[in-house]
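Asks: Structure: target_30.cif, mmCIF, C-alpha atoms and all ligand atoms.
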```cif
data_run
#
loop_
_atom_site.label_atom_id
_atom_site.label_comp_id
_atom_site.auth_asym_id
_atom_site.auth_seq_id
_atom_site.Cartn_x
_atom_site.Cartn_y
_atom_site.Cartn_z
CA MET A 2 -28.72 -55.99 -29.24
CA ASN A 3 -26.27 -55.98 -26.42
CA HIS A 4 -23.68 -57.61 -28.60
CA HIS A 5 -24.18 -55.08 -31.35
CA HIS A 6 -23.71 -52.22 -28.93
CA THR A 7 -20.37 -53.51 -27.62
CA ASP A 8 -19.20 -53.99 -31.15
CA ASN A 9 -20.04 -50.45 -32.07
CA SER A 10 -18.21 -48.88 -29.15
CA LYS A 11 -15.13 -50.97 -29.88
CA GLN A 12 -15.03 -49.51 -33.35
CA THR A 13 -15.26 -45.94 -32.09
CA SER A 14 -12.44 -46.32 -29.61
CA SER A 15 -10.17 -48.03 -32.09
CA SER A 16 -10.75 -45.31 -34.68
CA LEU A 17 -9.91 -42.70 -32.01
CA LEU A 18 -6.66 -44.48 -31.27
CA HIS A 19 -5.68 -44.37 -34.89
CA THR A 20 -6.16 -40.63 -35.27
CA PRO A 21 -2.73 -39.03 -34.85
CA ALA A 22 -2.69 -36.11 -32.39
CA ARG A 23 -1.87 -33.00 -34.40
CA VAL A 24 -0.32 -29.86 -32.99
CA ASN A 25 -1.41 -26.95 -35.12
CA LEU A 26 1.77 -24.87 -34.84
CA PRO A 27 0.85 -21.97 -37.20
CA ARG A 28 -2.37 -21.53 -35.30
CA ILE A 29 -0.71 -21.46 -31.89
CA ILE A 30 1.85 -18.93 -33.13
CA SER A 31 -0.77 -16.64 -34.64
CA SER A 32 -2.89 -16.79 -31.45
CA LEU A 33 0.15 -15.85 -29.38
CA LEU A 34 0.94 -12.97 -31.74
CA LEU A 35 -2.64 -11.72 -31.45
CA LEU A 36 -2.41 -11.90 -27.66
CA VAL A 37 0.80 -9.87 -27.61
CA ILE A 38 -0.62 -7.25 -30.00
CA GLY A 39 -3.78 -7.14 -27.88
CA LEU A 40 -1.83 -6.54 -24.69
CA MET A 41 0.24 -3.82 -26.34
CA THR A 42 -2.88 -2.04 -27.60
CA VAL A 43 -4.37 -2.08 -24.14
CA SER A 44 -1.26 -0.42 -22.74
CA VAL A 45 -1.30 2.25 -25.45
CA VAL A 46 -4.96 3.05 -24.83
CA GLN A 47 -4.56 3.31 -21.07
CA ALA A 48 -1.81 5.86 -21.31
CA GLU A 49 -1.03 5.81 -17.59
CA TYR A 50 -0.23 2.10 -17.64
CA GLY A 51 2.89 0.85 -19.33
CA ILE A 52 4.76 -2.39 -19.62
CA ASN A 53 7.62 -1.31 -17.42
CA PHE A 54 7.65 0.29 -13.97
CA PRO A 55 6.92 4.02 -13.85
CA GLN A 56 9.93 6.34 -14.18
CA PRO A 57 11.38 6.98 -10.69
CA ALA A 58 11.25 10.49 -9.21
CA GLY A 59 14.25 10.30 -6.93
CA GLU A 60 17.71 8.95 -6.23
CA VAL A 61 17.10 5.70 -4.35
CA ALA A 62 14.05 4.98 -6.50
CA GLN A 63 16.26 5.33 -9.57
CA GLU A 64 18.79 2.85 -8.21
CA ILE A 65 16.09 0.31 -7.48
CA TYR A 66 14.77 0.79 -10.99
CA ASP A 67 18.27 0.31 -12.41
CA ILE A 68 18.67 -3.01 -10.60
CA HIS A 69 15.34 -4.11 -12.01
CA MET A 70 16.53 -3.20 -15.52
CA LEU A 71 19.86 -4.96 -15.04
CA THR A 72 18.12 -8.12 -13.85
CA MET A 73 15.68 -7.97 -16.74
CA ARG A 74 18.57 -7.59 -19.22
CA VAL A 75 20.43 -10.55 -17.74
CA THR A 76 17.36 -12.79 -17.77
CA THR A 77 16.47 -11.73 -21.32
CA ALA A 78 20.01 -12.52 -22.52
CA LEU A 79 19.88 -15.91 -20.77
CA LEU A 80 16.48 -16.62 -22.28
CA ILE A 81 17.78 -15.89 -25.77
CA ILE A 82 20.98 -17.94 -25.31
CA VAL A 83 19.18 -20.97 -23.84
CA PHE A 84 16.35 -20.98 -26.37
CA ALA A 85 18.68 -20.39 -29.32
CA PHE A 86 20.67 -23.41 -28.16
CA VAL A 87 17.54 -25.53 -27.68
CA PHE A 88 16.09 -24.63 -31.08
CA TYR A 89 19.43 -25.10 -32.83
CA SER A 90 19.83 -28.56 -31.27
CA LEU A 91 16.29 -29.62 -32.06
CA TYR A 92 16.44 -28.46 -35.64
CA PHE A 93 19.93 -29.47 -36.82
CA HIS A 94 20.25 -32.66 -34.79
CA ARG A 95 16.87 -34.19 -35.48
CA LYS A 96 16.51 -37.86 -36.26
CA SER A 97 15.01 -37.34 -39.72
CA ARG A 98 18.27 -35.67 -40.76
CA GLY A 99 20.03 -38.86 -39.79
CA TYR A 100 21.96 -37.22 -36.94
CA LYS A 101 23.83 -39.66 -34.73
CA ALA A 102 24.32 -38.65 -31.09
CA ASP A 103 27.92 -38.12 -30.04
CA GLN A 104 28.60 -40.82 -27.42
CA ASN A 105 31.92 -39.29 -26.33
CA PHE A 106 30.81 -35.76 -25.39
CA HIS A 107 31.38 -36.41 -21.68
CA LYS A 108 34.97 -37.31 -22.41
CA SER A 109 35.73 -34.01 -24.13
CA TRP A 110 37.31 -31.13 -22.21
CA PHE A 111 34.07 -29.11 -22.25
CA GLY A 112 31.95 -32.12 -21.38
CA GLN A 113 34.00 -32.62 -18.24
CA TRP A 114 34.15 -29.01 -17.07
CA ALA A 115 30.83 -27.53 -18.19
CA TRP A 116 29.11 -28.46 -14.91
CA VAL A 117 31.67 -26.37 -13.05
CA ILE A 118 32.06 -23.46 -15.47
CA VAL A 119 28.38 -22.76 -16.09
CA PRO A 120 27.30 -22.62 -12.41
CA VAL A 121 30.33 -20.45 -11.59
CA LEU A 122 29.35 -18.00 -14.35
CA VAL A 123 25.76 -17.94 -13.11
CA LEU A 124 26.89 -17.43 -9.54
CA GLY A 125 29.14 -14.56 -10.67
CA VAL A 126 26.22 -12.76 -12.27
CA ASP A 127 24.06 -13.46 -9.21
CA MET A 128 26.70 -12.05 -6.88
CA THR A 129 26.95 -8.88 -8.96
CA ILE A 130 23.19 -8.33 -8.74
CA ALA A 131 23.10 -9.24 -5.03
CA GLY A 132 25.97 -6.84 -4.35
CA LYS A 133 24.18 -3.98 -6.04
CA ALA A 134 20.90 -4.83 -4.28
CA ASN A 135 22.70 -4.92 -0.95
CA SER A 136 24.19 -1.46 -1.36
CA VAL A 137 20.82 -0.02 -2.39
CA LEU A 138 19.08 -1.68 0.56
CA LYS A 139 21.66 -0.11 2.86
CA LYS A 140 20.85 3.26 1.32
CA VAL A 141 17.13 2.68 1.85
CA TRP A 142 17.61 1.77 5.50
CA GLU A 143 20.23 4.30 6.47
CA VAL A 144 18.41 7.60 6.56
CA PRO A 145 21.06 10.28 5.93
CA ASP A 146 21.67 12.44 8.93
CA ASP A 147 21.44 15.78 7.13
CA GLU A 148 21.13 19.08 8.98
CA ASN A 149 18.26 20.39 6.91
CA ILE A 150 16.40 17.19 6.13
CA LEU A 151 12.66 17.80 5.75
CA ASP A 152 10.69 15.68 8.22
CA VAL A 153 7.20 14.61 7.22
CA LYS A 154 5.20 12.46 9.59
CA VAL A 155 2.86 10.22 7.63
CA THR A 156 -0.07 8.89 9.66
CA GLY A 157 -2.51 6.37 8.23
CA HIS A 158 -6.10 6.65 9.42
CA GLN A 159 -9.25 4.75 8.56
CA TRP A 160 -9.52 5.98 5.77
CA TRP A 161 -7.41 8.99 5.05
CA TRP A 162 -3.82 10.19 5.32
CA GLU A 163 -2.42 12.82 7.59
CA PHE A 164 0.85 14.56 6.69
CA ASP A 165 2.59 16.64 9.35
CA TYR A 166 5.53 18.81 8.34
CA LEU A 167 7.30 18.65 11.67
CA ASP A 168 9.54 21.68 11.17
CA SER A 169 6.88 24.15 10.08
CA GLY A 170 3.86 22.74 11.91
CA ILE A 171 1.89 22.45 8.68
CA LYS A 172 -0.73 19.70 8.69
CA VAL A 173 -2.30 18.29 5.53
CA GLU A 174 -5.35 16.06 5.71
CA SER A 175 -5.74 14.07 2.56
CA ARG A 176 -8.98 12.34 1.61
CA TYR A 177 -10.27 10.69 -1.54
CA ILE A 178 -12.73 12.57 -3.74
CA PRO A 179 -16.14 10.94 -4.38
CA GLU A 180 -16.79 9.54 -7.84
CA GLU A 181 -19.17 12.34 -8.91
CA GLN A 182 -16.39 14.93 -8.48
CA SER A 183 -13.31 13.00 -9.51
CA GLY A 184 -14.36 11.55 -12.88
CA ASP A 185 -11.56 9.56 -14.49
CA LEU A 186 -9.38 10.02 -11.43
CA TYR A 187 -11.77 8.21 -9.10
CA LEU A 188 -9.69 6.68 -6.27
CA ARG A 189 -6.60 8.36 -7.79
CA GLU A 190 -7.20 11.94 -6.59
CA VAL A 191 -7.44 13.58 -3.17
CA ASP A 192 -8.70 16.89 -1.79
CA ASN A 193 -5.32 17.97 -0.39
CA ARG A 194 -2.12 16.68 -1.94
CA LEU A 195 1.17 15.93 -0.21
CA VAL A 196 3.32 18.76 -1.57
CA LEU A 197 7.08 18.14 -1.55
CA PRO A 198 10.11 20.02 -2.93
CA THR A 199 12.86 18.72 -5.18
CA GLY A 200 16.54 18.88 -4.27
CA ILE A 201 16.36 18.35 -0.51
CA LYS A 202 16.41 15.13 1.46
CA ILE A 203 13.02 14.21 2.87
CA ARG A 204 12.49 11.85 5.78
CA PHE A 205 9.10 10.16 6.14
CA LEU A 206 8.14 9.02 9.63
CA HIS A 207 5.46 6.38 9.20
CA THR A 208 2.85 5.51 11.77
CA SER A 209 -0.82 4.71 12.09
CA ALA A 210 -3.61 5.95 14.31
CA ASP A 211 -5.65 2.76 14.17
CA VAL A 212 -4.86 -0.35 12.10
CA LEU A 213 -2.09 -1.31 9.65
CA HIS A 214 -1.84 0.82 6.53
CA ALA A 215 1.04 1.15 4.07
CA PHE A 216 2.39 4.17 2.26
CA TRP A 217 3.13 3.36 -1.35
CA VAL A 218 3.84 5.65 -4.28
CA PRO A 219 5.57 3.72 -7.09
CA GLU A 220 7.68 6.67 -8.33
CA LEU A 221 9.03 7.12 -4.78
CA ALA A 222 9.80 3.37 -4.73
CA VAL A 223 9.88 2.52 -1.06
CA LYS A 224 6.68 0.97 0.32
CA LYS A 225 6.40 1.09 4.09
CA ASP A 226 3.90 -0.31 6.56
CA ALA A 227 2.25 2.15 8.93
CA ILE A 228 2.09 0.40 12.31
CA PRO A 229 0.09 1.75 15.26
CA GLY A 230 2.40 2.55 18.17
CA TYR A 231 5.58 2.41 16.08
CA ILE A 232 7.42 4.93 13.99
CA THR A 233 9.46 3.74 11.04
CA GLU A 234 11.50 5.79 8.61
CA THR A 235 12.09 6.02 4.90
CA TRP A 236 13.66 8.84 2.93
CA ILE A 237 14.03 10.19 -0.57
CA GLU A 238 15.58 13.04 -2.44
CA LEU A 239 13.27 13.95 -5.31
CA ASP A 240 14.84 15.01 -8.57
CA ARG A 241 11.92 15.83 -10.81
CA GLU A 242 8.68 17.77 -10.50
CA GLY A 243 5.36 16.13 -11.21
CA VAL A 244 2.28 14.53 -9.75
CA PHE A 245 2.72 10.97 -8.54
CA ARG A 246 -0.12 8.75 -7.46
CA GLY A 247 -0.10 5.86 -5.07
CA GLN A 248 -2.36 4.22 -2.54
CA CYS A 249 -2.60 2.47 0.79
CA ALA A 250 -1.05 -0.95 0.23
CA GLU A 251 -2.19 -2.79 3.34
CA LEU A 252 -5.74 -4.07 3.68
CA CYS A 253 -7.14 -1.77 6.37
CA GLY A 254 -10.88 -2.28 6.43
CA THR A 255 -14.05 -1.33 4.58
CA TRP A 256 -12.59 1.60 2.64
CA HIS A 257 -9.02 0.51 2.13
CA SER A 258 -9.58 1.40 -1.53
CA ARG A 259 -10.44 4.97 -0.59
CA MET A 260 -6.96 5.92 0.57
CA PRO A 261 -5.18 7.22 -2.52
CA ILE A 262 -1.96 9.15 -2.04
CA VAL A 263 -1.17 12.02 -4.38
CA VAL A 264 2.29 13.55 -4.16
CA GLU A 265 2.88 16.85 -5.90
CA VAL A 266 6.58 17.52 -6.34
CA VAL A 267 7.43 21.19 -6.93
CA SER A 268 10.52 23.41 -7.08
CA PRO A 269 11.97 24.63 -3.75
CA GLN A 270 10.72 28.17 -4.57
CA ARG A 271 7.18 26.98 -5.21
CA PHE A 272 7.36 24.87 -2.04
CA ALA A 273 8.36 27.92 0.03
CA VAL A 274 5.37 29.84 -1.33
CA TRP A 275 3.05 26.93 -0.62
CA SER A 276 4.39 26.63 2.96
CA GLU A 277 3.72 30.30 3.64
CA GLU A 278 0.17 29.96 2.30
CA GLN A 279 -0.48 26.96 4.54
CA LYS A 280 0.86 28.74 7.62
CA ALA A 281 -1.30 31.77 6.90
CA LEU A 282 -4.39 29.57 6.49
CA LYS A 283 -3.63 27.84 9.77
CA LEU A 284 -3.18 31.15 11.62
CA ALA A 285 -6.43 32.48 10.18
CA ALA A 286 -8.32 29.36 11.29
CA GLU A 287 -6.83 29.55 14.80
CA ALA A 288 -7.63 33.25 15.08
CA GLU A 289 -11.22 32.59 14.03
CA ALA A 290 -11.64 29.77 16.53
CA SER A 291 -10.05 31.54 19.47
CA THR A 292 -12.30 34.58 19.51
CA ASP A 293 -15.01 34.41 22.11
CA LYS A 294 -17.53 35.22 19.43
CA VAL A 295 -20.97 33.67 19.77
CA TRP A 296 -21.94 32.06 16.48
CA SER A 297 -25.40 31.91 15.01
CA LYS A 298 -27.02 28.55 14.42
CA ASP A 299 -26.95 29.07 10.64
CA GLU A 300 -23.22 29.84 10.63
CA LEU A 301 -22.50 26.74 12.72
CA MET A 302 -24.77 24.54 10.59
CA ALA A 303 -23.05 25.68 7.36
CA LYS A 304 -19.55 25.08 8.76
CA GLY A 305 -20.65 21.85 10.41
CA LYS A 306 -22.10 20.39 7.21
CA THR A 307 -18.83 20.80 5.27
CA LEU A 308 -16.75 19.44 8.12
CA TYR A 309 -19.12 16.55 8.75
CA GLU A 310 -19.09 15.59 5.10
CA THR A 311 -15.28 15.49 4.88
CA LYS A 312 -14.48 13.96 8.25
CA CYS A 313 -17.43 11.91 9.45
CA ALA A 314 -19.49 10.93 6.41
CA ALA A 315 -17.18 8.07 5.40
CA CYS A 316 -18.63 6.08 8.28
CA HIS A 317 -21.83 7.81 9.39
CA GLN A 318 -22.81 8.70 5.77
CA ALA A 319 -23.93 12.08 4.47
CA THR A 320 -27.52 10.99 5.14
CA GLY A 321 -26.76 10.41 8.83
CA LEU A 322 -28.03 6.86 8.42
CA GLY A 323 -24.61 5.24 8.98
CA LEU A 324 -23.97 1.67 7.89
CA PRO A 325 -25.30 -0.41 10.78
CA PRO A 326 -24.16 -2.51 12.48
CA ALA A 327 -20.56 -1.33 11.87
CA PHE A 328 -21.25 2.40 11.83
CA PRO A 329 -24.26 3.67 13.80
CA ALA A 330 -26.79 6.09 12.41
CA LEU A 331 -26.69 9.58 13.91
CA LYS A 332 -30.16 10.41 12.65
CA GLY A 333 -32.35 9.92 15.70
CA SER A 334 -29.53 8.19 17.63
CA ALA A 335 -29.70 8.21 21.41
CA ILE A 336 -26.50 10.26 21.65
CA ALA A 337 -27.18 12.73 18.86
CA ILE A 338 -30.58 13.73 20.26
CA GLY A 339 -29.84 12.97 23.93
CA PRO A 340 -27.82 15.00 26.47
CA ILE A 341 -25.34 17.37 24.81
CA ALA A 342 -22.49 16.50 27.20
CA ALA A 343 -22.40 12.83 26.14
CA HIS A 344 -22.45 13.85 22.48
CA ILE A 345 -19.53 16.27 22.90
CA ASP A 346 -17.68 13.66 24.94
CA ILE A 347 -17.75 10.91 22.33
CA VAL A 348 -16.66 13.33 19.60
CA ILE A 349 -13.76 14.76 21.60
CA ASN A 350 -12.62 11.50 23.19
CA GLY A 351 -13.84 8.86 20.78
CA LYS A 352 -14.69 5.39 21.99
CA GLN A 353 -11.80 3.08 22.86
CA GLY A 354 -11.50 -0.04 20.78
CA THR A 355 -13.87 1.11 18.04
CA PRO A 356 -13.22 2.95 14.76
CA MET A 357 -14.70 6.04 16.45
CA VAL A 358 -11.45 7.83 17.25
CA ALA A 359 -10.91 10.97 19.33
CA TRP A 360 -11.37 14.10 17.24
CA SER A 361 -9.73 16.37 19.80
CA SER A 362 -7.21 17.68 17.26
CA MET A 363 -9.99 19.74 15.68
CA ASN A 364 -10.38 23.25 17.12
CA ASP A 365 -13.24 24.41 19.34
CA LEU A 366 -15.10 26.10 16.51
CA GLU A 367 -14.91 23.06 14.24
CA LEU A 368 -16.13 20.71 16.95
CA ALA A 369 -18.91 23.09 17.97
CA ALA A 370 -20.04 23.32 14.35
CA ILE A 371 -20.04 19.55 13.80
CA VAL A 372 -21.95 18.79 16.99
CA THR A 373 -24.48 21.53 16.22
CA TYR A 374 -24.90 20.11 12.75
CA GLU A 375 -25.43 16.55 13.99
CA ARG A 376 -28.03 17.69 16.51
CA ASN A 377 -30.12 19.51 13.92
CA ALA A 378 -29.58 17.81 10.55
CA TRP A 379 -31.66 14.90 9.22
CA ASP A 380 -34.74 15.83 11.27
CA ASN A 381 -32.81 15.55 14.52
CA ASN A 382 -34.13 19.11 15.08
CA THR A 383 -33.12 19.36 18.72
CA GLY A 384 -32.72 23.12 18.27
CA ASP A 385 -29.48 22.90 20.30
CA VAL A 386 -26.66 25.30 19.46
CA VAL A 387 -23.20 24.35 20.71
CA GLN A 388 -20.69 27.22 20.96
CA PRO A 389 -16.86 27.01 20.88
CA ALA A 390 -16.92 28.02 24.55
CA ASP A 391 -18.91 24.86 25.38
CA ILE A 392 -16.28 22.71 23.72
CA LYS A 393 -13.46 24.55 25.50
CA GLN A 394 -15.14 23.81 28.79
CA ALA A 395 -15.68 20.13 27.96
CA ARG A 396 -12.07 19.46 26.97
CU CU B 401 -5.13 1.94 4.71
#
```
Could you show the structure in this file as structure tokens?

Replies:
Amino acid sequence: MNHHHTDNSKQTSSSLLHTPARVNLPRIISSLLLLVIGLMTVSVVQAEYGINFPQPAGEVAQEIYDIHMLTMRVTTALLIIVFAFVFYSLYFHRKSRGYKADQNFHKSWFGQWAWVIVPVLVLGVDMTIAGKANSVLKKVWEVPDDENILDVKVTGHQWWWEFDYLDSGIKVESRYIPEEQSGDLYLREVDNRLVLPTGIKIRFLHTSADVLHAFWVPELAVKKDAIPGYITETWIELDREGVFRGQCAELCGTWHSRMPIVVEVVSPQRFAVWSEEQKALKLAAEAEASTDKVWSKDELMAKGKTLYETKCAACHQATGLGLPPAFPALKGSAIAIGPIAAHIDIVINGKQGTPMVAWSSMNDLELAAIVTYERNAWDNNTGDVVQPADIKQAR
């Protein structure tokens, strides 16, 4: 029995050894073709995605793109030359054709000098690319010192972007739009876009209010880390109008994915109109907040709900239940139903070393509305009404 078994297995292994390994070339080629066609179809269907980088929207971005194209052309040419040579050699010099290897190649002129000539050629091409890259990098780093450069301070926050137009005092707060309202543009659209004009140099001053973020819009090319406590610069001169979408490119916590950036590039005329609108809105909001008017609870609750949902709900949730243990619930929380002073204090001053930052940049009316809302929403029902005057006093 044992003997028979051994015998049998011997036969199997020997028959395996005698089967020649076959490479099914037509099949491999057709699978590869299918794969390529498949990939191309995918890129046609998802119109926003292409094979190449997106078309740049400005000068430096264009130069970076051009270097990419140059490099791609050089590598493609090299690929074709090398593979043509390999396939030619394999096909015409194969053994079955009776080809005899030339034993004296190394004695020929080319055989002796090829190892010098080829690397020198390669180095020459490399130096050309490196030279171009170097001059573009210089351009990226050396922010032009133009009289009327437009300064935009870009501050990363957990998890939204703040854009301050330093010359006009305009502030844009940019937050993602929840899935129900954004449809196909989920995580690609924001409530307030970064509006920029064409034809003028723009300097971005990058910083962060909390952790590392990174500002990245592919059509604007330069990706820059936002570092708390530091200010770094990039610049661009935009040359075409359009809407360009990017995102935070540095892992920054729970909702890193909820920090899209949407840049809307418009003509200088349109930009001037937009700037005036923003200034007027800001003045109106300040005027409203500075009156000594006493607000009714309903007015404060209505204002507070909208503000709470844009600014606080990312962490404390629209339901007030938070996401413990990281983000505490405000429904029934000791602070939200306890003494008003402590509640106002944590909202104005934040809590050091936690994601709860100081919200003092909001005006008295906004803060009064939010605190009133938190003290009465979600069955907190304290009945407390906080007026702008109370906030003014607490500051
Ligand atoms: Cu971020």

Asks: Could you give me, as number ranges by chain, the residues within 7 Å of Glu251 of chain A, counting all atoms listed in the file and dropping anything in the same chain fewer than 6 positions from it?

Replies: A: 213-215

Asks: Print the selection's residues with C-alpha atoms to a file, as an mmCIF file, keeping the file's coordinate frame.

Replies:
```cif
data_model
loop_
_atom_site.group_PDB
_atom_site.id
_atom_site.type_symbol
_atom_site.label_atom_id
_atom_site.label_comp_id
_atom_site.auth_asym_id
_atom_site.auth_seq_id
_atom_site.Cartn_x
_atom_site.Cartn_y
_atom_site.Cartn_z
ATOM 1 C CA LEU A 213 -2.090 -1.310 9.650
ATOM 2 C CA HIS A 214 -1.840 0.820 6.530
ATOM 3 C CA ALA A 215 1.040 1.150 4.070
#
```

Asks: Write out as lines of an AutoDock Vina configuration file an axis-aligned box for segment 301-316 of chain A: all of its atoms listed in the file, 6 Å added on each side, centre and edge lengths in Å with one decimal.

Replies:
```
center_x = -19.6
center_y = 16.4
center_z = 8.8
size_x = 22.3
size_y = 32.7
size_z = 19.8
```

Asks: Do you know which residues are at most 8 Å from segment 314-323 of chain A counting only C-alpha atoms, after dropping those on the same chain fewer than 6 positions away, and could you put them as a short mmCIF file (atom, residue, chain, number, x, y, z; two decimals) with C-alpha atoms, in the frame of the given file?

Replies:
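For reference, around.cif as written:
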```cif
data_model
loop_
_atom_site.label_atom_id
_atom_site.label_comp_id
_atom_site.auth_asym_id
_atom_site.auth_seq_id
_atom_site.Cartn_x
_atom_site.Cartn_y
_atom_site.Cartn_z
CA TRP A 160 -9.52 5.98 5.77
CA PRO A 329 -24.26 3.67 13.80
CA ALA A 330 -26.79 6.09 12.41
CA LEU A 331 -26.69 9.58 13.91
CA LYS A 332 -30.16 10.41 12.65
CA TRP A 379 -31.66 14.90 9.22
#
```

Asks: Need to verify the contact set: Arg396 of chain A, 10 Å, all atoms listed in the file, exclusion of same-chain residues closer than 4 positions in sequence. Can you return it as JSON, numbers by chain?

Replies: {"A": [345, 346, 349, 350, 361, 365, 391, 392]}

Asks: Pick out the residues no farther than 8 Å from ligand CU 401 (chain B), counting all atoms listed in the file, and list them as a count of residues only.

Replies: 19

Asks: Closest to Pro269 of chain A among A:Lys304, A:Arg246, A:Lys202, A:Lys283, using all atoms listed in the file?

Replies: A:Lys202

Asks: What is the distance between atom CA of Leu239 of chain A and atom CA of Ser268 of chain A, in Å to one decimal?

Replies: 10.0 Å

Asks: Could you jot down the atom CA of Ala134 of chain A to atom CA of Val61 of chain A separation for me, Å, one decimal place?

Replies: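 Computing the Euclidean distance for atom CA of Ala134 of chain A and atom CA of Val61 of chain A yields 11.2 Å.
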
Asks: So the first atom is atom CA of Thr235 of chain A and the second is atom CA of Ile150 of chain A; what is the distance between them in Å, to one decimal place?

Replies: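 For atom CA of Thr235 of chain A relative to atom CA of Ile150 of chain A, the distance reads 12.0 Å.
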
Asks: Name the closest residue to Asp299 of chain A among the candidates A:Asp226, A:Glu181, A:Asp385, A:Glu234; distances are taken between atoms, counting all atoms listed in the file.

Replies: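 Closest to Asp299 of chain A of all the choices is A:Asp385.
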
Asks: Mind listing whatever residues come within 6 Å of the point (2.0, 16.0, 8.8)? Use all atoms listed in the file, file coordinates, and give them as a PDB file with C-alpha atoms, keeping the file's coordinate frame.

Replies:
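Dumped everything to result.pdb:
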```pdb
ATOM      1  CA  VAL A 153       7.200  14.610   7.220  1.00  0.00           C
ATOM      2  CA  LYS A 154       5.200  12.460   9.590  1.00  0.00           C
ATOM      3  CA  VAL A 155       2.860  10.220   7.630  1.00  0.00           C
ATOM      4  CA  GLU A 163      -2.420  12.820   7.590  1.00  0.00           C
ATOM      5  CA  PHE A 164       0.850  14.560   6.690  1.00  0.00           C
ATOM      6  CA  ASP A 165       2.590  16.640   9.350  1.00  0.00           C
ATOM      7  CA  TYR A 166       5.530  18.810   8.340  1.00  0.00           C
ATOM      8  CA  LYS A 172      -0.730  19.700   8.690  1.00  0.00           C
ATOM      9  CA  VAL A 173      -2.300  18.290   5.530  1.00  0.00           C
TER      10      VAL A 173
END
```

Asks: As a CSV table (one decimal) with C-alpha atoms, keeping the file's coordinate frame, please: the residues near Trp162 of chain A (cut-off 12 Å, all atoms listed in the file, same-chain neighbours under 4 positions excluded).

Replies:
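The new file out.csv reads:
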```csv
chain,number,residue,atom,x,y,z
A,154,LYS,CA,5.2,12.5,9.6
A,155,VAL,CA,2.9,10.2,7.6
A,156,THR,CA,-0.1,8.9,9.7
A,157,GLY,CA,-2.5,6.4,8.2
A,158,HIS,CA,-6.1,6.6,9.4
A,172,LYS,CA,-0.7,19.7,8.7
A,173,VAL,CA,-2.3,18.3,5.5
A,174,GLU,CA,-5.4,16.1,5.7
A,175,SER,CA,-5.7,14.1,2.6
A,176,ARG,CA,-9.0,12.3,1.6
A,177,TYR,CA,-10.3,10.7,-1.5
A,191,VAL,CA,-7.4,13.6,-3.2
A,192,ASP,CA,-8.7,16.9,-1.8
A,193,ASN,CA,-5.3,18.0,-0.4
A,194,ARG,CA,-2.1,16.7,-1.9
A,195,LEU,CA,1.2,15.9,-0.2
A,207,HIS,CA,5.5,6.4,9.2
A,208,THR,CA,2.8,5.5,11.8
A,209,SER,CA,-0.8,4.7,12.1
A,210,ALA,CA,-3.6,6.0,14.3
A,211,ASP,CA,-5.6,2.8,14.2
A,214,HIS,CA,-1.8,0.8,6.5
A,215,ALA,CA,1.0,1.2,4.1
A,216,PHE,CA,2.4,4.2,2.3
A,217,TRP,CA,3.1,3.4,-1.4
A,227,ALA,CA,2.2,2.2,8.9
A,247,GLY,CA,-0.1,5.9,-5.1
A,248,GLN,CA,-2.4,4.2,-2.5
A,249,CYS,CA,-2.6,2.5,0.8
A,257,HIS,CA,-9.0,0.5,2.1
A,259,ARG,CA,-10.4,5.0,-0.6
A,260,MET,CA,-7.0,5.9,0.6
A,261,PRO,CA,-5.2,7.2,-2.5
A,262,ILE,CA,-2.0,9.2,-2.0
A,263,VAL,CA,-1.2,12.0,-4.4
A,264,VAL,CA,2.3,13.6,-4.2
A,312,LYS,CA,-14.5,14.0,8.2
```

Asks: Looking at A:Leu151, A:Lys393, A:Leu124, A:Met41, which one is nearest to Leu167 of chain A, with distances taken over only C-alpha atoms?

Replies: A:Leu151

Asks: Of the candidates A:Ile201, A:Val372, A:Leu122, A:Ile65, which one gets nearest to Val141 of chain A if we count only C-alpha atoms?

Replies: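 Selected residue with least distance to Val141 of chain A: A:Ile65.
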
Asks: Here is a test: counting only C-alpha atoms, which residue of A:Lys140, A:Lys225, A:Lys280, A:His107 is nearest to Glu238 of chain A?

Replies: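 Going through A:Lys140, A:Lys225, A:Lys280, A:His107 one by one, the smallest distance to Glu238 of chain A is for A:Lys140.
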
Asks: Find, counting all atoms listed in the file, the residue in A:Leu282, A:Leu26, A:Met73, A:Ile347 that gets nearest to Ile130 of chain A.

Replies: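 Between A:Leu282, A:Leu26, A:Met73, A:Ile347, the residue approaching Ile130 of chain A most closely is A:Met73.
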
Asks: What lies within 10 Å of Gly384 of chain A using all atoms listed in the file, ignoring chain neighbours under 3 positions off, as number ranges by chain?

Replies: A: 298, 338, 373, 376-378, 381, 387
